[in-house]
Structure formats: structure tokens, C-alpha cells
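Right, one structure below, let's go through it.
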Amino acid sequence: MDFNKIIELASYTLPALVTGVVAYRFFELHIKNNDKKRAFLLNKQAHKESLPVRLQAYERMTLFLERINLTKLLIRVSPISQNKHDYENYVIDQIEQEFEHNLTQQIYMSDECWTIITTAKNATIQMIRKAAMSDKVDNADKLREVILNDLLEKQSPSNAALSFIKNEVADLWY
């Protein structure tokens, strides 16, 4: 009789245990699914709120790259004297000031994009310094002329960075 009682107890307990385990698993999956849904909605809301700030950062860096485009920069910034070194330093200072004014924008863009922008700035400065070291350049006006002639042969560094920004902003929509 004792054996029958054990079998009877097992016949009641085993289905209850199986039902309990199945219910626990479903409850656990439901909780995980709700957590993922909540995280997705929070991420979506954060993205919606941060997107305008990120776009503004890209806009500011686009403006920076346009302002340091040598063709536009040399037309906008006239020589302060005929000394080529004074003009070289003045133009480079303009670029550096513009860059420092926009330093905080790096927190809103990818590291790769920021590196490309920094590289464009440095390449622009390098083009100015290289032209100033030329033997053909003896005054500020000649420096402007040599830099502008160099740009006829090759693309401005800021144009390449602008292309990258445009691609990165396009990727924000997808």
C-alpha cells in the first residue's frame, strides 16, 4: 500500500512540477521581452531627442570646413601686410580659432568623422606652410596666388571631409 501512495503522490506532483516549470519559463521570457521592449523604446526616444543635436554638430562642422576651404578663406582673409610670414600666420590663426570654437562638436560625431575633420584642418595648414616655404613666394599676394594655383591642380582637403560628413549624415536616417 505504501508503494501505491508514492505512485499516487508522484502522479499528482509530477504534472504540477512540469506545469510550474513551464509557467516559470513563460513568465521569464515575458519579463525579458518586456525589458527588451522597454529598452528599445527608451533608445528610440533618446535617439529622437539626440538627433537634432547631432545634426547641428554636423552642420557646424560643415560650416567650419567651408570656412577653411582655402579658396574661400584666402578671398575672405586679406593680407595684413606684404610680409608672407605674417599672412601665413594670420591665415593659420584664423583656421585654429575656427577649429577651437567648434571643438565641443566632437562628442556628437563618430571618432572616424572627427579624425577626418582634424586631418582636413591639418592638411590645409600644411598646404599653406608648404606654399610659404616656396622660393617663388616673396610676399603675401604671391603666397595667395601660389596656394590658389595649387588648388587648381588638386582638391581642397576640406572637400574630402565634407563628402565624408554628408555620407555619415545620410547614414543617420537608416
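Please note that chains go A, B, ... in the order of the C-alpha cells, that every chain numbers its residues from 1, and that ligands are numbered from 1 in the order shown.
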>> Show me, as a PyMOL selection string, the residues that have an atom within 6 Å of range 76-85 of chain A when counting only C-alpha atoms, minus same-chain residues fewer than 2 positions from it.
In response: chain A and resi 73-74+87-88+139-140
>> With only C-alpha atoms as the counted atoms, please give the residues lying no more than 7 Å from range 65-71 of chain A, apart from itself and same-chain residues fewer than 5 positions off, as a ChimeraX atom specification.
In response: /A:95,148,156,158,162
Residue subset to file, keeping N, CA, C and O atoms, as a compact mmCIF listing (two decimals), in the first residue's frame:
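After the write, result-v7.txt holds the following:
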# COMPACT_ATOMS: atom_id res chain seq x y z
N ILE A 95 42.24 79.71 -39.00
CA ILE A 95 41.82 78.31 -39.04
C ILE A 95 41.77 77.72 -37.63
O ILE A 95 40.80 77.06 -37.24
N LEU A 148 46.33 79.31 -54.43
CA LEU A 148 45.17 79.17 -55.31
C LEU A 148 45.52 78.37 -56.57
O LEU A 148 44.71 77.58 -57.06
N SER A 156 40.74 70.50 -52.54
CA SER A 156 40.92 71.04 -51.20
C SER A 156 40.66 69.94 -50.17
O SER A 156 39.73 69.15 -50.33
N SER A 158 39.33 70.11 -47.34
CA SER A 158 38.02 70.23 -46.70
C SER A 158 36.92 69.61 -47.56
O SER A 158 35.90 69.16 -47.03
N LEU A 162 34.10 67.07 -46.23
CA LEU A 162 32.68 67.38 -46.44
C LEU A 162 31.93 66.18 -47.03
O LEU A 162 30.81 65.89 -46.63
> Distance CA of Pro157 in chain A-CA of Glu112 in chain A, one decimal place?
Replying inline: 15.5 Å
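The shortest atom-to-atom distance to Leu55 in chain A, with only C-alpha atoms taken into account, belongs to A:Ala170 out of A:Ala170, A:Val146, A:Ala120, A:Met133.
Put simply, CA of Asn102 in chain A is 7.2 Å away from CA of Met61 in chain A.
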>> Quick check for you: according to DSSP on this backbone, which residues of range 42-137 of chain A are classed as helix (DSSP H, G or I)? Reply as a PyMOL selection string.
In response: chain A and resi 42-68+70-76+84-101+103-108+111-132
> In terms of the shortest atom-to-atom distance over only C-alpha atoms, which of A:Ala161, A:Ile75, A:Ile92, A:Ala57 is closest to Met127 in chain A?
Replying inline: A:Ile92
